[in-house]
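File shown: query-v4.cif. Contents: mmCIF, C-alpha atoms.
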```
data_structure
loop_
_atom_site.group_PDB
_atom_site.id
_atom_site.type_symbol
_atom_site.label_atom_id
_atom_site.label_comp_id
_atom_site.auth_asym_id
_atom_site.auth_seq_id
_atom_site.Cartn_x
_atom_site.Cartn_y
_atom_site.Cartn_z
ATOM 1 C CA MET A 1 96.340 140.765 132.429
ATOM 2 C CA THR A 2 95.714 139.160 129.029
ATOM 3 C CA GLU A 3 92.364 137.466 128.660
ATOM 4 C CA THR A 4 92.110 134.136 126.917
ATOM 5 C CA PRO A 5 89.809 134.532 123.899
ATOM 6 C CA ALA A 6 86.598 132.527 124.000
ATOM 7 C CA GLU A 7 86.528 129.407 121.894
ATOM 8 C CA THR A 8 84.693 129.966 118.636
ATOM 9 C CA PRO A 9 83.448 127.478 116.075
ATOM 10 C CA ALA A 10 85.598 126.754 113.059
ATOM 11 C CA GLU A 11 84.931 128.690 109.884
ATOM 12 C CA THR A 12 81.971 127.506 107.878
ATOM 13 C CA ALA A 13 82.936 124.259 106.197
ATOM 14 C CA LYS A 14 81.585 123.012 102.920
ATOM 15 C CA PRO A 15 79.793 119.649 103.274
ATOM 16 C CA GLY A 16 81.454 116.659 101.678
ATOM 17 C CA PHE A 17 79.741 113.470 100.519
ATOM 18 C CA ARG A 18 81.091 109.908 100.457
ATOM 19 C CA SER A 19 79.789 106.443 99.654
ATOM 20 C CA ASP A 20 82.657 104.402 101.096
ATOM 21 C CA VAL A 21 83.932 103.250 104.480
ATOM 22 C CA THR A 22 87.554 102.851 105.535
ATOM 23 C CA VAL A 23 89.157 100.384 107.933
ATOM 24 C CA GLU A 24 92.802 100.640 108.979
ATOM 25 C CA LEU A 25 94.590 97.994 111.058
ATOM 26 C CA VAL A 26 96.563 100.181 113.448
ATOM 27 C CA LYS A 27 97.834 97.631 115.966
ATOM 28 C CA HIS A 28 97.818 93.876 116.370
ATOM 29 C CA SER A 29 99.148 90.880 118.224
ATOM 30 C CA ALA A 30 97.605 88.072 116.228
ATOM 31 C CA ALA A 31 98.992 84.944 114.587
ATOM 32 C CA ASP A 32 97.904 81.371 114.003
ATOM 33 C CA SER A 33 100.499 80.221 116.529
ATOM 34 C CA ASP A 34 98.524 82.039 119.244
ATOM 35 C CA VAL A 35 95.754 79.483 118.783
ATOM 36 C CA LEU A 36 98.174 76.558 119.036
ATOM 37 C CA TRP A 37 99.957 77.364 122.273
ATOM 38 C CA ALA A 38 96.667 78.295 123.911
ATOM 39 C CA ALA A 39 95.139 74.962 122.892
ATOM 40 C CA ARG A 40 98.141 72.769 123.709
ATOM 41 C CA VAL A 41 98.527 73.992 127.278
ATOM 42 C CA SER A 42 95.678 71.649 128.186
ATOM 43 C CA THR A 43 97.849 68.608 127.431
ATOM 44 C CA ALA A 44 101.427 69.909 127.359
ATOM 45 C CA GLY A 45 101.471 72.472 130.158
ATOM 46 C CA GLU A 46 104.671 74.532 130.088
ATOM 47 C CA GLN A 47 105.880 72.634 127.017
ATOM 48 C CA SER A 48 103.166 74.419 125.019
ATOM 49 C CA LEU A 49 105.462 77.458 124.984
ATOM 50 C CA GLU A 50 107.491 75.670 122.323
ATOM 51 C CA GLU A 51 104.659 76.428 119.880
ATOM 52 C CA LEU A 52 105.691 80.083 119.906
ATOM 53 C CA GLN A 53 108.718 79.239 117.764
ATOM 54 C CA LYS A 54 107.211 76.580 115.520
ATOM 55 C CA ASP A 55 105.688 76.882 112.075
ATOM 56 C CA PRO A 56 101.906 76.783 112.552
ATOM 57 C CA GLU A 57 101.498 75.099 109.156
ATOM 58 C CA ARG A 58 102.503 71.816 110.778
ATOM 59 C CA SER A 59 99.499 72.065 113.092
ATOM 60 C CA LYS A 60 96.791 73.434 110.846
ATOM 61 C CA GLY A 61 94.838 70.225 111.456
ATOM 62 C CA LEU A 62 94.552 71.177 115.112
ATOM 63 C CA ILE A 63 93.206 74.607 114.189
ATOM 64 C CA ASN A 64 90.609 72.979 111.960
ATOM 65 C CA PHE A 65 89.652 70.534 114.727
ATOM 66 C CA LEU A 66 89.181 73.343 117.222
ATOM 67 C CA MET A 67 87.032 75.266 114.747
ATOM 68 C CA ARG A 68 84.987 72.262 113.685
ATOM 69 C CA ASP A 69 84.239 71.056 117.214
ATOM 70 C CA ARG A 70 83.788 74.624 118.494
ATOM 71 C CA HIS A 71 86.527 74.751 121.095
ATOM 72 C CA GLY A 72 86.480 78.533 121.074
ATOM 73 C CA SER A 73 88.707 79.860 123.849
ATOM 74 C CA PRO A 74 92.066 79.279 122.069
ATOM 75 C CA PHE A 75 90.935 81.797 119.439
ATOM 76 C CA GLU A 76 90.732 84.553 122.055
ATOM 77 C CA HIS A 77 94.471 84.903 122.814
ATOM 78 C CA ASN A 78 95.150 87.598 120.241
ATOM 79 C CA SER A 79 94.216 91.194 119.593
ATOM 80 C CA MET A 80 93.502 93.496 116.653
ATOM 81 C CA THR A 81 92.761 97.220 116.786
ATOM 82 C CA PHE A 82 91.085 98.891 113.803
ATOM 83 C CA PHE A 83 90.476 102.555 113.036
ATOM 84 C CA VAL A 84 87.117 102.795 111.293
ATOM 85 C CA SER A 85 85.564 105.707 109.423
ATOM 86 C CA ALA A 86 81.898 105.155 108.599
ATOM 87 C CA PRO A 87 78.442 106.741 108.963
ATOM 88 C CA ILE A 88 77.054 106.926 112.491
ATOM 89 C CA PHE A 89 74.269 104.456 111.671
ATOM 90 C CA VAL A 90 76.924 101.812 111.011
ATOM 91 C CA PHE A 91 78.429 102.331 114.460
ATOM 92 C CA ARG A 92 75.057 102.039 116.152
ATOM 93 C CA GLU A 93 74.662 98.586 114.611
ATOM 94 C CA PHE A 94 78.277 97.756 115.335
ATOM 95 C CA MET A 95 78.004 98.377 119.051
ATOM 96 C CA ARG A 96 75.433 95.647 119.454
ATOM 97 C CA HIS A 97 78.500 93.417 119.365
ATOM 98 C CA ARG A 98 79.652 93.666 122.970
ATOM 99 C CA VAL A 99 81.401 90.423 123.973
ATOM 100 C CA GLY A 100 85.090 90.576 123.088
ATOM 101 C CA TRP A 101 84.927 94.112 121.672
ATOM 102 C CA SER A 102 86.148 97.484 122.957
ATOM 103 C CA TYR A 103 85.220 100.814 121.364
ATOM 104 C CA ASN A 104 86.229 104.455 121.571
ATOM 105 C CA GLU A 105 84.481 106.883 119.214
ATOM 106 C CA GLU A 106 85.042 110.558 118.503
ATOM 107 C CA SER A 107 82.805 112.753 120.624
ATOM 108 C CA GLY A 108 80.417 115.467 119.528
ATOM 109 C CA ARG A 109 80.622 116.852 123.060
ATOM 110 C CA TYR A 110 84.310 117.663 122.816
ATOM 111 C CA ARG A 111 84.918 118.604 119.177
ATOM 112 C CA GLN A 112 83.055 120.252 116.352
ATOM 113 C CA LEU A 113 81.922 117.454 114.067
ATOM 114 C CA GLN A 114 83.036 117.720 110.467
ATOM 115 C CA PRO A 115 80.462 117.975 107.644
ATOM 116 C CA VAL A 116 81.148 114.693 105.862
ATOM 117 C CA PHE A 117 78.023 112.715 104.998
ATOM 118 C CA TYR A 118 77.032 109.398 103.478
ATOM 119 C CA VAL A 119 75.270 109.215 100.116
ATOM 120 C CA PRO A 120 74.798 105.752 98.557
ATOM 121 C CA GLY A 121 76.873 105.035 95.493
ATOM 122 C CA GLU A 122 75.456 103.779 92.220
ATOM 123 C CA ALA A 123 76.114 100.150 93.169
ATOM 124 C CA ARG A 124 74.028 100.405 96.363
ATOM 125 C CA LYS A 125 70.705 98.570 95.920
ATOM 126 C CA LEU A 126 67.926 100.933 96.980
ATOM 127 C CA VAL A 127 64.642 99.021 96.884
ATOM 128 C CA GLN A 128 63.606 96.611 99.636
ATOM 129 C CA GLN A 129 61.153 93.836 98.795
ATOM 130 C CA GLY A 130 59.565 91.019 100.766
ATOM 131 C CA ARG A 131 58.494 90.533 104.357
ATOM 132 C CA PRO A 132 60.486 90.554 107.625
ATOM 133 C CA GLY A 133 62.954 87.702 107.623
ATOM 134 C CA LYS A 134 62.855 87.370 103.834
ATOM 135 C CA TYR A 135 63.832 90.787 102.602
ATOM 136 C CA GLU A 136 65.765 91.215 99.407
ATOM 137 C CA PHE A 137 67.183 94.355 97.896
ATOM 138 C CA VAL A 138 67.063 95.158 94.211
ATOM 139 C CA GLU A 139 68.551 97.844 92.018
ATOM 140 C CA GLY A 140 66.998 101.279 92.107
ATOM 141 C CA THR A 141 66.036 103.215 89.020
ATOM 142 C CA PRO A 142 68.085 106.211 87.861
ATOM 143 C CA ALA A 143 65.262 108.429 89.114
ATOM 144 C CA GLN A 144 65.387 106.831 92.577
ATOM 145 C CA HIS A 145 69.148 107.274 92.768
ATOM 146 C CA GLU A 146 68.850 110.906 91.712
ATOM 147 C CA LEU A 147 66.127 111.540 94.289
ATOM 148 C CA THR A 148 68.050 109.800 97.071
ATOM 149 C CA GLY A 149 71.231 111.745 96.426
ATOM 150 C CA ARG A 150 69.475 115.092 96.075
ATOM 151 C CA ALA A 151 67.229 114.633 99.125
ATOM 152 C CA MET A 152 70.093 113.487 101.328
ATOM 153 C CA GLU A 153 72.451 116.242 100.296
ATOM 154 C CA ASP A 154 69.785 118.928 100.792
ATOM 155 C CA ALA A 155 68.889 117.585 104.244
ATOM 156 C CA TYR A 156 72.556 117.310 105.250
ATOM 157 C CA ARG A 157 73.306 120.885 104.218
ATOM 158 C CA GLN A 158 70.312 122.225 106.115
ATOM 159 C CA ALA A 159 71.157 120.224 109.233
ATOM 160 C CA TYR A 160 74.789 121.319 109.275
ATOM 161 C CA GLU A 161 73.861 124.963 108.724
ATOM 162 C CA ALA A 162 71.583 124.759 111.782
ATOM 163 C CA TYR A 163 74.389 123.114 113.752
ATOM 164 C CA GLU A 164 76.862 125.864 112.842
ATOM 165 C CA GLU A 165 74.306 128.566 113.592
ATOM 166 C CA MET A 166 73.818 127.240 117.107
ATOM 167 C CA LEU A 167 77.556 126.929 117.712
ATOM 168 C CA ALA A 168 78.075 130.509 116.536
ATOM 169 C CA ALA A 169 75.413 131.641 118.985
ATOM 170 C CA GLY A 170 77.253 129.975 121.865
ATOM 171 C CA VAL A 171 75.135 126.832 122.186
ATOM 172 C CA ALA A 172 77.108 123.913 123.613
ATOM 173 C CA ARG A 173 78.324 121.312 121.152
ATOM 174 C CA GLU A 174 76.568 118.547 123.063
ATOM 175 C CA VAL A 175 73.259 120.335 122.494
ATOM 176 C CA ALA A 176 73.811 121.553 118.942
ATOM 177 C CA ARG A 177 74.783 118.106 117.682
ATOM 178 C CA SER A 178 71.202 116.926 118.162
ATOM 179 C CA VAL A 179 70.260 118.284 114.731
ATOM 180 C CA LEU A 180 72.847 116.196 112.896
ATOM 181 C CA PRO A 181 71.688 113.038 111.077
ATOM 182 C CA VAL A 182 72.975 109.478 111.406
ATOM 183 C CA GLY A 183 74.414 109.763 107.887
ATOM 184 C CA LEU A 184 77.225 111.897 109.352
ATOM 185 C CA TYR A 185 80.623 110.188 109.296
ATOM 186 C CA SER A 186 82.286 109.370 112.587
ATOM 187 C CA SER A 187 85.460 107.530 113.522
ATOM 188 C CA MET A 188 86.352 105.005 116.165
ATOM 189 C CA TYR A 189 88.899 102.528 117.387
ATOM 190 C CA ALA A 190 87.530 98.993 117.647
ATOM 191 C CA THR A 191 89.542 96.249 119.333
ATOM 192 C CA CYS A 192 88.653 92.563 119.192
ATOM 193 C CA ASN A 193 90.059 89.057 119.138
ATOM 194 C CA ALA A 194 89.648 86.472 116.386
ATOM 195 C CA ARG A 195 86.741 84.726 118.077
ATOM 196 C CA SER A 196 84.721 87.920 118.506
ATOM 197 C CA LEU A 197 85.575 88.981 114.956
ATOM 198 C CA MET A 198 84.380 85.631 113.586
ATOM 199 C CA HIS A 199 81.069 86.076 115.379
ATOM 200 C CA PHE A 200 80.760 89.549 113.882
ATOM 201 C CA LEU A 201 81.582 88.308 110.383
ATOM 202 C CA GLY A 202 79.113 85.444 110.664
ATOM 203 C CA LEU A 203 76.312 87.956 111.227
ATOM 204 C CA ARG A 204 77.453 90.989 109.248
ATOM 205 C CA THR A 205 78.694 89.511 105.981
ATOM 206 C CA GLN A 206 77.175 87.319 103.293
ATOM 207 C CA HIS A 207 79.362 84.512 101.990
ATOM 208 C CA GLU A 208 78.886 81.481 99.770
ATOM 209 C CA GLN A 209 80.525 79.224 102.375
ATOM 210 C CA ALA A 210 78.312 80.357 105.244
ATOM 211 C CA ALA A 211 76.308 77.532 106.810
ATOM 212 C CA VAL A 212 73.849 80.035 108.303
ATOM 213 C CA PRO A 213 72.504 82.784 106.030
ATOM 214 C CA SER A 214 72.914 86.386 107.092
ATOM 215 C CA PHE A 215 71.223 89.542 105.845
ATOM 216 C CA PRO A 216 73.410 92.471 106.902
ATOM 217 C CA GLN A 217 72.924 96.076 105.925
ATOM 218 C CA ARG A 218 75.350 96.692 103.103
ATOM 219 C CA GLU A 219 77.249 99.513 104.799
ATOM 220 C CA ILE A 220 78.247 97.469 107.871
ATOM 221 C CA GLU A 221 79.087 94.564 105.573
ATOM 222 C CA MET A 222 81.553 96.859 103.808
ATOM 223 C CA VAL A 223 83.296 97.407 107.148
ATOM 224 C CA GLY A 224 83.260 93.670 107.855
ATOM 225 C CA GLU A 225 84.796 92.851 104.486
ATOM 226 C CA GLN A 226 87.747 95.160 105.115
ATOM 227 C CA MET A 227 88.276 93.834 108.640
ATOM 228 C CA GLU A 228 88.199 90.284 107.318
ATOM 229 C CA ALA A 229 90.841 91.065 104.703
ATOM 230 C CA HIS A 230 93.200 92.389 107.393
ATOM 231 C CA TRP A 231 92.537 89.403 109.671
ATOM 232 C CA ALA A 232 93.027 86.866 106.859
ATOM 233 C CA GLY A 233 96.515 88.262 106.316
ATOM 234 C CA LEU A 234 97.405 87.882 109.993
ATOM 235 C CA MET A 235 95.866 84.456 110.667
ATOM 236 C CA PRO A 236 95.480 82.689 107.311
ATOM 237 C CA LEU A 237 95.088 79.175 108.757
ATOM 238 C CA THR A 238 92.421 80.284 111.207
ATOM 239 C CA HIS A 239 90.635 82.210 108.474
ATOM 240 C CA ALA A 240 90.687 79.179 106.172
ATOM 241 C CA ALA A 241 89.297 76.953 108.926
ATOM 242 C CA PHE A 242 86.553 79.502 109.591
ATOM 243 C CA ASN A 243 85.477 79.346 105.959
ATOM 244 C CA ALA A 244 85.816 75.563 105.711
ATOM 245 C CA ASN A 245 83.549 75.081 108.717
ATOM 246 C CA GLY A 246 80.634 77.227 107.606
ATOM 247 C CA ARG A 247 81.780 80.619 108.930
ATOM 248 C CA VAL A 248 80.331 79.884 112.355
ATOM 249 C CA ALA A 249 82.328 81.283 115.288
ATOM 250 C CA PRO A 250 83.607 78.511 117.584
#
```
Serialized structure, structure tokens:
Amino acid sequence: MTETPAETPAETAKPGFRSDVTVELVKHSAADSDVLWAARVSTAGEQSLEELQKDPERSKGLINFLMRDRHGSPFEHNSMTFFVSAPIFVFREFMRHRVGWSYNEESGRYRQLQPVFYVPGEARKLVQQGRPGKYEFVEGTPAQHELTGRAMEDAYRQAYEAYEEMLAAGVAREVARSVLPVGLYSSMYATCNARSLMHFLGLRTQHEQAAVPSFPQREIEMVGEQMEAHWAGLMPLTHAAFNANGRVAP
């Protein structure tokens, strides 16, 4: 009888370092017309189905009215699924957004996590000033950037070496992963509708047209910016109305 060989960890991998995030739109059912037929059923009943075949440009005033007066439910009859690659600390902030969102993230219990880690790029402001509620971030010095990159990379290498050592010794992945930092990259699918995405964008991006100021961490804002670009291409009239009405979710 042939024995099945025991599972062993992958060969030692060299750590990689990134400063970006990526967002891919993998699936969607989202168009401005989705807002129109959902809204018009209240007055037209079954005749609202005619909106499925009509040019939504002729009804952009209705979309703006719904946004302005915060009639929000018509913006829920659509769906977008994104594949996101970002540091774990971004996902922990992300998952505070629960209404209208669904998530599935890669699991450190079921696979060996890859050694890809976040190190801020040169454009990332490093120094926080002010008091709670009035923080601002300013540029770091070359010395601060050098220190940040060196300290992070050294810590990441040490953490991943400990992780691999435990895996090689037969320690379960779900235990060994405890040594890994939140700067490790993970990936997830995130599914939402336009209304839930607008709420997310209102809190997690800064914008000159925003009626309510927001102070997001830059890394989650980078995710939000890419999601918004995908959404704007799918629902341009809804996106324009969102901006014109202060970027407040209806």
All residues 9 Å or closer to Val223 in chain A, all atoms listed in the file, same chain fewer than 6 positions away omitted, as an MDAnalysis selection string = chainID A and resid 21:23 84:86 90 204
Just the residues within 12 Å of Asp32 in chain A, please, counting all atoms listed in the file, with nothing from its chain fewer than 3 positions along; format it as JSON, numbers by chain.
-> {"A": [29, 35, 36, 37, 38, 39, 51, 52, 53, 54, 55, 56, 57, 58, 59, 60, 61, 62, 63, 64, 74, 75, 76, 77, 78, 79, 194, 231, 232, 233, 234, 235, 236, 237, 238, 239, 240, 241]}
Within 12 Å of range 210-222 of chain A, counting all atoms listed in the file, which residues show up once you throw out same-chain ones fewer than 6 positions away? Write them as a PyMOL selection string, please.
-> chain A and resi 18-23+84-95+118-121+123-126+128+132-137+183+198-204+228-229+242-249
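Every polymer residue reaching to within 6 Å of (84.1, 105.4, 120.5), counting all atoms listed in the file, appears in this list: Tyr103, Asn104, Glu105, Glu106 and Met188 of chain A.
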Pick the closest to Met80 in chain A from A:Gln129, A:Ser178, A:Ser196, A:Gln112: which is it, counting all atoms listed in the file?
-> A:Ser196
Step by step, work through what the PyMOL selection byres ((chain A and resi 140) around 7) selects in the shown file, and finish by giving those residues as a list in words.
->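 Output from the PyMOL selection byres ((chain A and resi 140) around 7), applied to this file: Lys125, Leu126, Val127, Val138, Glu139, Thr141, Pro142, Gln144 and His145 of chain A.
You will find CA of Ala176 in chain A at 26.0 Å from CA of Phe83 in chain A.
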Can you work out which one of A:Gly16, A:Asn193, A:Tyr160, A:Thr205 has the shortest atom-to-atom distance to His28 in chain A, counting all atoms listed in the file?
-> A:Asn193
Coordinates-based distance that separates CA of Gln206 in chain A from CA of Asp34 in chain A (Å, one decimal) =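 Distance reported for this atom pair: 27.2 Å.
Remark: for Cys192 in chain A, the closest of the candidate residues A:Ser42, A:Gln226, A:Ser33, A:Ser102 is A:Ser102 (distances computed over only C-alpha atoms).
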